[in-house]
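Trainee: Structure: my_file_28.pdb, PDB, C-alpha atoms and all ligand atoms.
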```
ATOM      1  CA  MET A   1     -20.986 -17.791 -10.212  1.00  0.00           C
ATOM      2  CA  LEU A   2     -21.158 -15.930  -6.932  1.00  0.00           C
ATOM      3  CA  LEU A   3     -17.617 -16.983  -6.194  1.00  0.00           C
ATOM      4  CA  LEU A   4     -16.493 -15.713  -9.573  1.00  0.00           C
ATOM      5  CA  LEU A   5     -18.197 -12.380  -9.017  1.00  0.00           C
ATOM      6  CA  GLY A   6     -16.568 -12.178  -5.616  1.00  0.00           C
ATOM      7  CA  MET A   7     -13.152 -12.793  -7.115  1.00  0.00           C
ATOM      8  CA  MET A   8     -13.721 -10.182  -9.783  1.00  0.00           C
ATOM      9  CA  ALA A   9     -14.794  -7.691  -7.125  1.00  0.00           C
ATOM     10  CA  CYS A  10     -11.596  -8.402  -5.213  1.00  0.00           C
ATOM     11  CA  ALA A  11      -9.444  -7.926  -8.290  1.00  0.00           C
ATOM     12  CA  GLY A  12     -11.230  -4.631  -8.902  1.00  0.00           C
ATOM     13  CA  VAL A  13     -10.517  -3.408  -5.391  1.00  0.00           C
ATOM     14  CA  SER A  14      -6.871  -4.330  -5.720  1.00  0.00           C
ATOM     15  CA  ALA A  15      -6.618  -2.523  -9.067  1.00  0.00           C
ATOM     16  CA  GLN A  16      -8.245   0.568  -7.597  1.00  0.00           C
ATOM     17  CA  GLY A  17      -5.771   0.327  -4.736  1.00  0.00           C
ATOM     18  CA  LYS A  18      -2.873   0.175  -7.168  1.00  0.00           C
ATOM     19  CA  ALA A  19      -4.072   3.289  -8.970  1.00  0.00           C
ATOM     20  CA  LEU A  20      -4.428   5.213  -5.701  1.00  0.00           C
ATOM     21  CA  HIS A  21      -1.106   3.908  -4.447  1.00  0.00           C
ATOM     22  CA  ASP A  22       0.824   4.736  -7.596  1.00  0.00           C
ATOM     23  CA  ALA A  23      -0.512   8.286  -7.696  1.00  0.00           C
ATOM     24  CA  ALA A  24       0.183   9.099  -4.054  1.00  0.00           C
ATOM     25  CA  CYS A  25       2.885   6.848  -2.724  1.00  0.00           C
ATOM     26  CA  LEU A  26       5.412   5.848  -5.343  1.00  0.00           C
ATOM     27  CA  GLN A  27       7.386   9.032  -5.623  1.00  0.00           C
ATOM     28  CA  CYS A  28       8.442   9.440  -2.022  1.00  0.00           C
ATOM     29  CA  HIS A  29       9.244   5.751  -1.625  1.00  0.00           C
ATOM     30  CA  ALA A  30      11.303   5.810  -4.799  1.00  0.00           C
ATOM     31  CA  SER A  31      13.312   8.749  -3.519  1.00  0.00           C
ATOM     32  CA  LEU A  32      13.913   6.872  -0.252  1.00  0.00           C
ATOM     33  CA  SER A  33      15.220   3.748  -1.868  1.00  0.00           C
ATOM     34  CA  GLY A  34      17.313   4.815  -4.790  1.00  0.00           C
ATOM     35  CA  GLY A  35      14.582   4.676  -7.427  1.00  0.00           C
ATOM     36  CA  ASN A  36      12.906   1.350  -6.689  1.00  0.00           C
ATOM     37  CA  ALA A  37       9.719   2.338  -4.928  1.00  0.00           C
ATOM     38  CA  TYR A  38       8.763  -1.266  -4.228  1.00  0.00           C
ATOM     39  CA  GLN A  39      11.983  -2.108  -2.452  1.00  0.00           C
ATOM     40  CA  LEU A  40      10.481  -0.904   0.854  1.00  0.00           C
ATOM     41  CA  TYR A  41       7.828  -3.617   0.671  1.00  0.00           C
ATOM     42  CA  GLN A  42      10.177  -6.344  -0.514  1.00  0.00           C
ATOM     43  CA  ARG A  43      13.293  -5.952   1.602  1.00  0.00           C
ATOM     44  CA  SER A  44      14.006  -8.767   4.023  1.00  0.00           C
ATOM     45  CA  ASP A  45      13.961  -6.447   7.039  1.00  0.00           C
ATOM     46  CA  ARG A  46      10.725  -4.715   6.155  1.00  0.00           C
ATOM     47  CA  LYS A  47       8.878  -3.197   9.093  1.00  0.00           C
ATOM     48  CA  VAL A  48       5.324  -4.296   8.450  1.00  0.00           C
ATOM     49  CA  LYS A  49       4.711  -7.794   9.790  1.00  0.00           C
ATOM     50  CA  THR A  50       0.959  -8.016  10.343  1.00  0.00           C
ATOM     51  CA  PRO A  51      -2.253  -6.950   8.580  1.00  0.00           C
ATOM     52  CA  GLU A  52      -2.934  -4.534  11.453  1.00  0.00           C
ATOM     53  CA  GLY A  53       0.529  -3.098  11.067  1.00  0.00           C
ATOM     54  CA  LEU A  54      -0.078  -2.606   7.365  1.00  0.00           C
ATOM     55  CA  THR A  55      -3.321  -0.729   7.968  1.00  0.00           C
ATOM     56  CA  LYS A  56      -1.586   1.493  10.525  1.00  0.00           C
ATOM     57  CA  ARG A  57       1.331   2.186   8.212  1.00  0.00           C
ATOM     58  CA  VAL A  58      -0.937   3.032   5.283  1.00  0.00           C
ATOM     59  CA  LYS A  59      -2.852   5.442   7.551  1.00  0.00           C
ATOM     60  CA  SER A  60       0.258   7.247   8.701  1.00  0.00           C
ATOM     61  CA  CYS A  61       1.857   7.279   5.260  1.00  0.00           C
ATOM     62  CA  ALA A  62      -1.397   8.660   3.810  1.00  0.00           C
ATOM     63  CA  LEU A  63      -0.861  11.640   6.111  1.00  0.00           C
ATOM     64  CA  ALA A  64       2.680  11.998   4.813  1.00  0.00           C
ATOM     65  CA  ALA A  65       1.352  11.809   1.254  1.00  0.00           C
ATOM     66  CA  ASP A  66      -1.245  14.457   2.120  1.00  0.00           C
ATOM     67  CA  VAL A  67      -4.190  12.541   0.673  1.00  0.00           C
ATOM     68  CA  SER A  68      -7.588  12.377   2.327  1.00  0.00           C
ATOM     69  CA  TRP A  69      -8.744   8.885   1.474  1.00  0.00           C
ATOM     70  CA  ASN A  70     -11.933   7.465   2.863  1.00  0.00           C
ATOM     71  CA  GLU A  71     -11.893   4.097   4.546  1.00  0.00           C
ATOM     72  CA  ALA A  72     -12.786   2.188   1.363  1.00  0.00           C
ATOM     73  CA  GLN A  73      -9.950   3.817  -0.541  1.00  0.00           C
ATOM     74  CA  ARG A  74      -7.501   3.077   2.254  1.00  0.00           C
ATOM     75  CA  GLU A  75      -8.707  -0.509   2.406  1.00  0.00           C
ATOM     76  CA  ALA A  76      -8.212  -0.841  -1.354  1.00  0.00           C
ATOM     77  CA  VAL A  77      -4.586   0.232  -0.994  1.00  0.00           C
ATOM     78  CA  VAL A  78      -4.081  -2.166   1.923  1.00  0.00           C
ATOM     79  CA  ARG A  79      -5.563  -4.951  -0.230  1.00  0.00           C
ATOM     80  CA  TYR A  80      -3.298  -4.098  -3.156  1.00  0.00           C
ATOM     81  CA  LEU A  81      -0.178  -4.101  -0.978  1.00  0.00           C
ATOM     82  CA  SER A  82      -1.226  -7.266   0.795  1.00  0.00           C
ATOM     83  CA  ASP A  83      -2.042  -9.147  -2.422  1.00  0.00           C
ATOM     84  CA  ASN A  84       1.122  -8.147  -4.217  1.00  0.00           C
ATOM     85  CA  PHE A  85       3.806  -7.804  -1.562  1.00  0.00           C
ATOM     86  CA  TYR A  86       2.921  -8.773   1.978  1.00  0.00           C
ATOM     87  CA  ARG A  87       0.669 -11.745   1.201  1.00  0.00           C
ATOM     88  CA  PHE A  88      -1.332 -11.600   4.430  1.00  0.00           C
TER      89      PHE A  88
HETATM   90  C1  LIG A 101       6.750  11.784   2.185  1.00  0.00           C
HETATM   91  C2  LIG A 101       7.268  10.453   2.054  1.00  0.00           C
HETATM   92  C3  LIG A 101       6.307   9.265   2.007  1.00  0.00           C
HETATM   93  C4  LIG A 101       5.123   9.160   1.317  1.00  0.00           C
HETATM   94  C5  LIG A 101       4.449  10.197   0.449  1.00  0.00           C
HETATM   95  C6  LIG A 101       4.635   7.821   1.581  1.00  0.00           C
HETATM   96  N1  LIG A 101       5.491   7.138   2.386  1.00  0.00           N
HETATM   97 FE1  LIG A 101       5.299   5.157   2.974  1.00  0.00          FE
HETATM   98  N2  LIG A 101       7.068   5.303   3.950  1.00  0.00           N
HETATM   99  C7  LIG A 101       7.808   6.456   4.111  1.00  0.00           C
HETATM  100  C8  LIG A 101       8.903   6.195   5.022  1.00  0.00           C
HETATM  101  C9  LIG A 101       9.958   7.198   5.473  1.00  0.00           C
HETATM  102  C10 LIG A 101       8.796   4.830   5.396  1.00  0.00           C
HETATM  103  C11 LIG A 101       9.680   4.064   6.353  1.00  0.00           C
HETATM  104  C12 LIG A 101      10.920   3.594   5.721  1.00  0.00           C
HETATM  105  C13 LIG A 101      11.725   2.759   6.688  1.00  0.00           C
HETATM  106  O1  LIG A 101      11.189   2.263   7.677  1.00  0.00           O
HETATM  107  O2  LIG A 101      12.908   2.581   6.437  1.00  0.00           O
HETATM  108  C14 LIG A 101       7.627   4.309   4.697  1.00  0.00           C
HETATM  109  C15 LIG A 101       7.213   2.995   4.792  1.00  0.00           C
HETATM  110  C16 LIG A 101       6.012   2.506   4.300  1.00  0.00           C
HETATM  111  C17 LIG A 101       5.540   1.160   4.485  1.00  0.00           C
HETATM  112  C18 LIG A 101       6.215   0.056   5.276  1.00  0.00           C
HETATM  113  C19 LIG A 101       7.322  -0.636   4.525  1.00  0.00           C
HETATM  114  C20 LIG A 101       7.881  -1.771   5.360  1.00  0.00           C
HETATM  115  O3  LIG A 101       8.976  -1.617   5.896  1.00  0.00           O
HETATM  116  O4  LIG A 101       7.203  -2.831   5.460  1.00  0.00           O
HETATM  117  C21 LIG A 101       4.325   1.096   3.869  1.00  0.00           C
HETATM  118  C22 LIG A 101       3.415  -0.108   3.789  1.00  0.00           C
HETATM  119  C23 LIG A 101       4.072   2.391   3.295  1.00  0.00           C
HETATM  120  N3  LIG A 101       5.123   3.220   3.555  1.00  0.00           N
HETATM  121  C24 LIG A 101       2.933   2.727   2.601  1.00  0.00           C
HETATM  122  C25 LIG A 101       2.719   3.978   2.007  1.00  0.00           C
HETATM  123  C26 LIG A 101       1.521   4.322   1.291  1.00  0.00           C
HETATM  124  C27 LIG A 101       0.335   3.399   1.076  1.00  0.00           C
HETATM  125  C28 LIG A 101       1.675   5.600   0.852  1.00  0.00           C
HETATM  126  C29 LIG A 101       0.709   6.446   0.044  1.00  0.00           C
HETATM  127  C30 LIG A 101      -0.432   6.897   0.770  1.00  0.00           C
HETATM  128  C31 LIG A 101       2.966   6.067   1.314  1.00  0.00           C
HETATM  129  N4  LIG A 101       3.571   5.048   2.005  1.00  0.00           N
HETATM  130  C32 LIG A 101       3.461   7.337   1.058  1.00  0.00           C
HETATM  131  C33 LIG A 101       7.597   7.673   3.501  1.00  0.00           C
HETATM  132  C34 LIG A 101       6.518   7.980   2.686  1.00  0.00           C
END
```
In C-alpha cells, what does this structure look like?
Mentor:
Amino acid sequence: MLLLLGMMACAGVSAQGKALHDAACLQCHASLSGGNAYQLYQRSDRKVKTPEGLTKRVKSCALAADVSWNEAQREAVVRYLSDNFYRF
C-alpha cells in the first residue's frame, strides 16, 4: 500500500512537471529544432548525460524561459524529463 502510494506520488510529480514544462519550455525548443520540441532530448548527440547535468540545464533554461520556479517545481520538471526521455 505504501509502495503504491509512493508510486502514485511519483506519477503526480512527473505530471506536474510535464504541465510546467509544456507551458514554459516547449515553444523555444520547438523553434530551435524545426517544430519537434522533444528532438533536443532524444537526439543521439544530446548534451545532457547525467542527472546533475540535467538539473543544471533545467536551471539555466528556466532563466531563459523567464520563469521563477521554486525547487519543488524545478525538481518536478527534472523528474518528468528523466522519466520520459533521459531515463536516469
Ligand atoms: C529561449 C529559448 C529556450 C527556452 C525558453 C528553454 N530552452 Fe532549453 N534549450 C535551449 C537551447 C538553446 C538549448 C541547447 C541546444 C543545443 O545544445 O543544441 C537547450 C537545451 C535544453 C536541454 C538539454 C538538451 C540536451 O541536449 O540534452 C534541456 C534538458 C533543456 N533545454 C530544458 C529546458 C527546460 C526545462 C525549459 C523550460 C524551463 C527550457 N529548456 C526552456 C533554449 C531554451
Trainee: Would you please work out which residue, of A:Cys25, A:Ala19, A:Gln42, A:Ala72, is nearest to ligand LIG 101 (chain A) when using all atoms listed in the file?
Mentor: A:Cys25
Trainee: Collect all residues with atoms no farther than 6 Å from ligand LIG 101 (chain A), counting only C-alpha atoms and all ligand atoms, and output them as a ChimeraX atom specification.
Mentor: /A:21,24-25,28-29,40-41,46-48,54,57-58,61-62,64-65
Trainee: Could you check the closest approach to Ser82 in chain A for each of A:Gln39, A:Ser68, A:Ser14, A:Ser60 and tell me which residue wins, using only C-alpha atoms?
Mentor: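 Answer, going by the shortest atom-to-atom distance: A:Ser14.
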Trainee: What residues come out when you apply the PyMOL selection byres (((chain A and resi 77) around 10) and not hetatm) to this file, written as a list in words?
Mentor: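 Selected by the PyMOL selection byres (((chain A and resi 77) around 10) and not hetatm) in this file: Val13, Ser14, Ala15, Gln16, Gly17, Lys18, Ala19, Leu20, His21, Asp22, Leu54, Thr55, Val58, Trp69, Glu71, Ala72, Gln73, Arg74, Glu75, Ala76, Val78, Arg79, Tyr80, Leu81, Ser82 and Asp83 of chain A.
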Trainee: Quick check, in Å to one decimal: how far apart do CA of Ala30 in chain A and CA of Asn70 in chain A lie?
Mentor: 24.5 Å
Trainee: Would you mind telling me which residue in A:Leu63, A:Gln27, A:Arg87, A:Leu3 lies nearest to Lys49 in chain A when using only C-alpha atoms?
Mentor: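 Counting only C-alpha atoms, the residue closest to Lys49 in chain A is A:Arg87.
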Trainee: Can you measure CA of Ser31 in chain A to CA of Gly53 in chain A for me? One decimal in Å is fine.
Mentor: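 Separating CA of Ser31 in chain A from CA of Gly53 in chain A is a distance of 22.7 Å.
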Trainee: Pick the closest to Thr50 in chain A from A:Tyr86, A:Asp66, A:Ala23, A:Gly35: which is it, counting all atoms listed in the file?
Mentor: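 The shortest atom-to-atom distance to Thr50 in chain A comes from A:Tyr86.
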Trainee: Would you work out the distance separating CA of Phe85 in chain A from CA of Tyr38 in chain A, expressed in Å to one decimal?
Mentor: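 Pair CA of Phe85 in chain A / CA of Tyr38 in chain A returns 8.6 Å.
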Trainee: Looking at only C-alpha atoms, which of A:Phe88, A:Ser33, A:Cys10, A:Leu4 is the one that sits closest to Pro51 in chain A?
Mentor: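 Closest residue, counting only C-alpha atoms: A:Phe88.
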Trainee: Taking the block just given, write chain A to a file that holds C-alpha atoms, as a PDB file, in the first residue's frame.
Mentor:
```
ATOM      1  CA  MET A   1       0.000   0.000   0.000  1.00  0.00           C
ATOM      2  CA  LEU A   2       2.752   2.405   0.945  1.00  0.00           C
ATOM      3  CA  LEU A   3       4.613   1.445  -2.187  1.00  0.00           C
ATOM      4  CA  LEU A   4       1.524   2.091  -4.269  1.00  0.00           C
ATOM      5  CA  LEU A   5       1.029   5.495  -2.689  1.00  0.00           C
ATOM      6  CA  GLY A   6       4.671   6.261  -3.336  1.00  0.00           C
ATOM      7  CA  MET A   7       4.308   5.345  -6.987  1.00  0.00           C
ATOM      8  CA  MET A   8       1.199   7.460  -7.333  1.00  0.00           C
ATOM      9  CA  ALA A   9       3.008  10.391  -5.733  1.00  0.00           C
ATOM     10  CA  CYS A  10       5.828   9.976  -8.236  1.00  0.00           C
ATOM     11  CA  ALA A  11       3.441   9.878 -11.172  1.00  0.00           C
ATOM     12  CA  GLY A  12       1.825  13.042  -9.831  1.00  0.00           C
ATOM     13  CA  VAL A  13       5.148  14.847  -9.633  1.00  0.00           C
ATOM     14  CA  SER A  14       6.007  13.828 -13.165  1.00  0.00           C
ATOM     15  CA  ALA A  15       2.617  15.022 -14.435  1.00  0.00           C
ATOM     16  CA  GLN A  16       3.049  18.344 -12.665  1.00  0.00           C
ATOM     17  CA  GLY A  17       6.487  18.568 -14.244  1.00  0.00           C
ATOM     18  CA  LYS A  18       5.022  17.954 -17.680  1.00  0.00           C
ATOM     19  CA  ALA A  19       2.474  20.723 -17.216  1.00  0.00           C
ATOM     20  CA  LEU A  20       5.153  23.192 -16.102  1.00  0.00           C
ATOM     21  CA  HIS A  21       7.483  22.076 -18.867  1.00  0.00           C
ATOM     22  CA  ASP A  22       4.908  22.315 -21.631  1.00  0.00           C
ATOM     23  CA  ALA A  23       3.862  25.813 -20.599  1.00  0.00           C
ATOM     24  CA  ALA A  24       7.370  27.236 -20.322  1.00  0.00           C
ATOM     25  CA  CYS A  25       9.751  25.212 -22.411  1.00  0.00           C
ATOM     26  CA  LEU A  26       8.143  23.735 -25.490  1.00  0.00           C
ATOM     27  CA  GLN A  27       7.911  26.792 -27.660  1.00  0.00           C
ATOM     28  CA  CYS A  28      11.547  27.805 -27.716  1.00  0.00           C
ATOM     29  CA  HIS A  29      12.748  24.230 -28.147  1.00  0.00           C
ATOM     30  CA  ALA A  30      10.312  23.705 -30.993  1.00  0.00           C
ATOM     31  CA  SER A  31      11.607  26.792 -32.756  1.00  0.00           C
ATOM     32  CA  LEU A  32      15.171  25.503 -32.323  1.00  0.00           C
ATOM     33  CA  SER A  33      14.517  22.127 -33.824  1.00  0.00           C
ATOM     34  CA  GLY A  34      12.165  22.639 -36.699  1.00  0.00           C
ATOM     35  CA  GLY A  35       8.928  22.083 -34.788  1.00  0.00           C
ATOM     36  CA  ASN A  36       9.699  18.962 -32.769  1.00  0.00           C
ATOM     37  CA  ALA A  37      10.312  20.288 -29.291  1.00  0.00           C
ATOM     38  CA  TYR A  38      11.294  16.874 -27.956  1.00  0.00           C
ATOM     39  CA  GLN A  39      14.013  16.306 -30.510  1.00  0.00           C
ATOM     40  CA  LEU A  40      16.524  18.089 -28.240  1.00  0.00           C
ATOM     41  CA  TYR A  41      16.051  15.425 -25.574  1.00  0.00           C
ATOM     42  CA  GLN A  42      16.031  12.499 -27.981  1.00  0.00           C
ATOM     43  CA  ARG A  43      18.841  13.207 -30.420  1.00  0.00           C
ATOM     44  CA  SER A  44      21.789  10.846 -30.266  1.00  0.00           C
ATOM     45  CA  ASP A  45      24.253  13.656 -29.545  1.00  0.00           C
ATOM     46  CA  ARG A  46      22.228  15.255 -26.788  1.00  0.00           C
ATOM     47  CA  LYS A  47      24.244  17.288 -24.307  1.00  0.00           C
ATOM     48  CA  VAL A  48      22.821  16.146 -21.003  1.00  0.00           C
ATOM     49  CA  LYS A  49      24.486  12.943 -19.829  1.00  0.00           C
ATOM     50  CA  THR A  50      23.996  12.876 -16.063  1.00  0.00           C
ATOM     51  CA  PRO A  51      21.255  13.667 -13.528  1.00  0.00           C
ATOM     52  CA  GLU A  52      23.390  16.556 -12.241  1.00  0.00           C
ATOM     53  CA  GLY A  53      23.759  17.851 -15.760  1.00  0.00           C
ATOM     54  CA  LEU A  54      20.007  17.700 -16.220  1.00  0.00           C
ATOM     55  CA  THR A  55      19.365  19.702 -13.059  1.00  0.00           C
ATOM     56  CA  LYS A  56      21.907  22.309 -14.165  1.00  0.00           C
ATOM     57  CA  ARG A  57      20.422  22.546 -17.640  1.00  0.00           C
ATOM     58  CA  VAL A  58      16.878  22.903 -16.316  1.00  0.00           C
ATOM     59  CA  LYS A  59      18.096  25.699 -14.009  1.00  0.00           C
ATOM     60  CA  SER A  60      19.760  27.630 -16.793  1.00  0.00           C
ATOM     61  CA  CYS A  61      16.947  27.040 -19.271  1.00  0.00           C
ATOM     62  CA  ALA A  62      14.439  28.195 -16.630  1.00  0.00           C
ATOM     63  CA  LEU A  63      16.281  31.522 -16.702  1.00  0.00           C
ATOM     64  CA  ALA A  64      15.985  31.596 -20.478  1.00  0.00           C
ATOM     65  CA  ALA A  65      12.277  30.811 -20.164  1.00  0.00           C
ATOM     66  CA  ASP A  66      11.939  33.607 -17.600  1.00  0.00           C
ATOM     67  CA  VAL A  67      10.058  31.513 -15.048  1.00  0.00           C
ATOM     68  CA  SER A  68      10.698  31.689 -11.324  1.00  0.00           C
ATOM     69  CA  TRP A  69      10.137  28.118 -10.229  1.00  0.00           C
ATOM     70  CA  ASN A  70      10.789  27.009  -6.700  1.00  0.00           C
ATOM     71  CA  GLU A  71      12.941  23.985  -6.068  1.00  0.00           C
ATOM     72  CA  ALA A  72       9.991  21.565  -5.960  1.00  0.00           C
ATOM     73  CA  GLN A  73       8.718  22.795  -9.305  1.00  0.00           C
ATOM     74  CA  ARG A  74      12.168  22.517 -10.846  1.00  0.00           C
ATOM     75  CA  GLU A  75      12.559  19.030  -9.422  1.00  0.00           C
ATOM     76  CA  ALA A  76       9.194  18.042 -10.903  1.00  0.00           C
ATOM     77  CA  VAL A  77      10.374  19.109 -14.353  1.00  0.00           C
ATOM     78  CA  VAL A  78      13.666  17.247 -13.890  1.00  0.00           C
ATOM     79  CA  ARG A  79      11.668  14.152 -12.882  1.00  0.00           C
ATOM     80  CA  TYR A  80       9.395  14.450 -15.909  1.00  0.00           C
ATOM     81  CA  LEU A  81      12.329  14.779 -18.309  1.00  0.00           C
ATOM     82  CA  SER A  82      14.228  11.987 -16.620  1.00  0.00           C
ATOM     83  CA  ASP A  83      11.263   9.587 -16.598  1.00  0.00           C
ATOM     84  CA  ASN A  84      10.287  10.213 -20.188  1.00  0.00           C
ATOM     85  CA  PHE A  85      13.495  10.973 -22.061  1.00  0.00           C
ATOM     86  CA  TYR A  86      16.754  10.648 -20.184  1.00  0.00           C
ATOM     87  CA  ARG A  87      15.873   7.620 -18.048  1.00  0.00           C
ATOM     88  CA  PHE A  88      18.344   8.353 -15.254  1.00  0.00           C
TER      89      PHE A  88
END
```
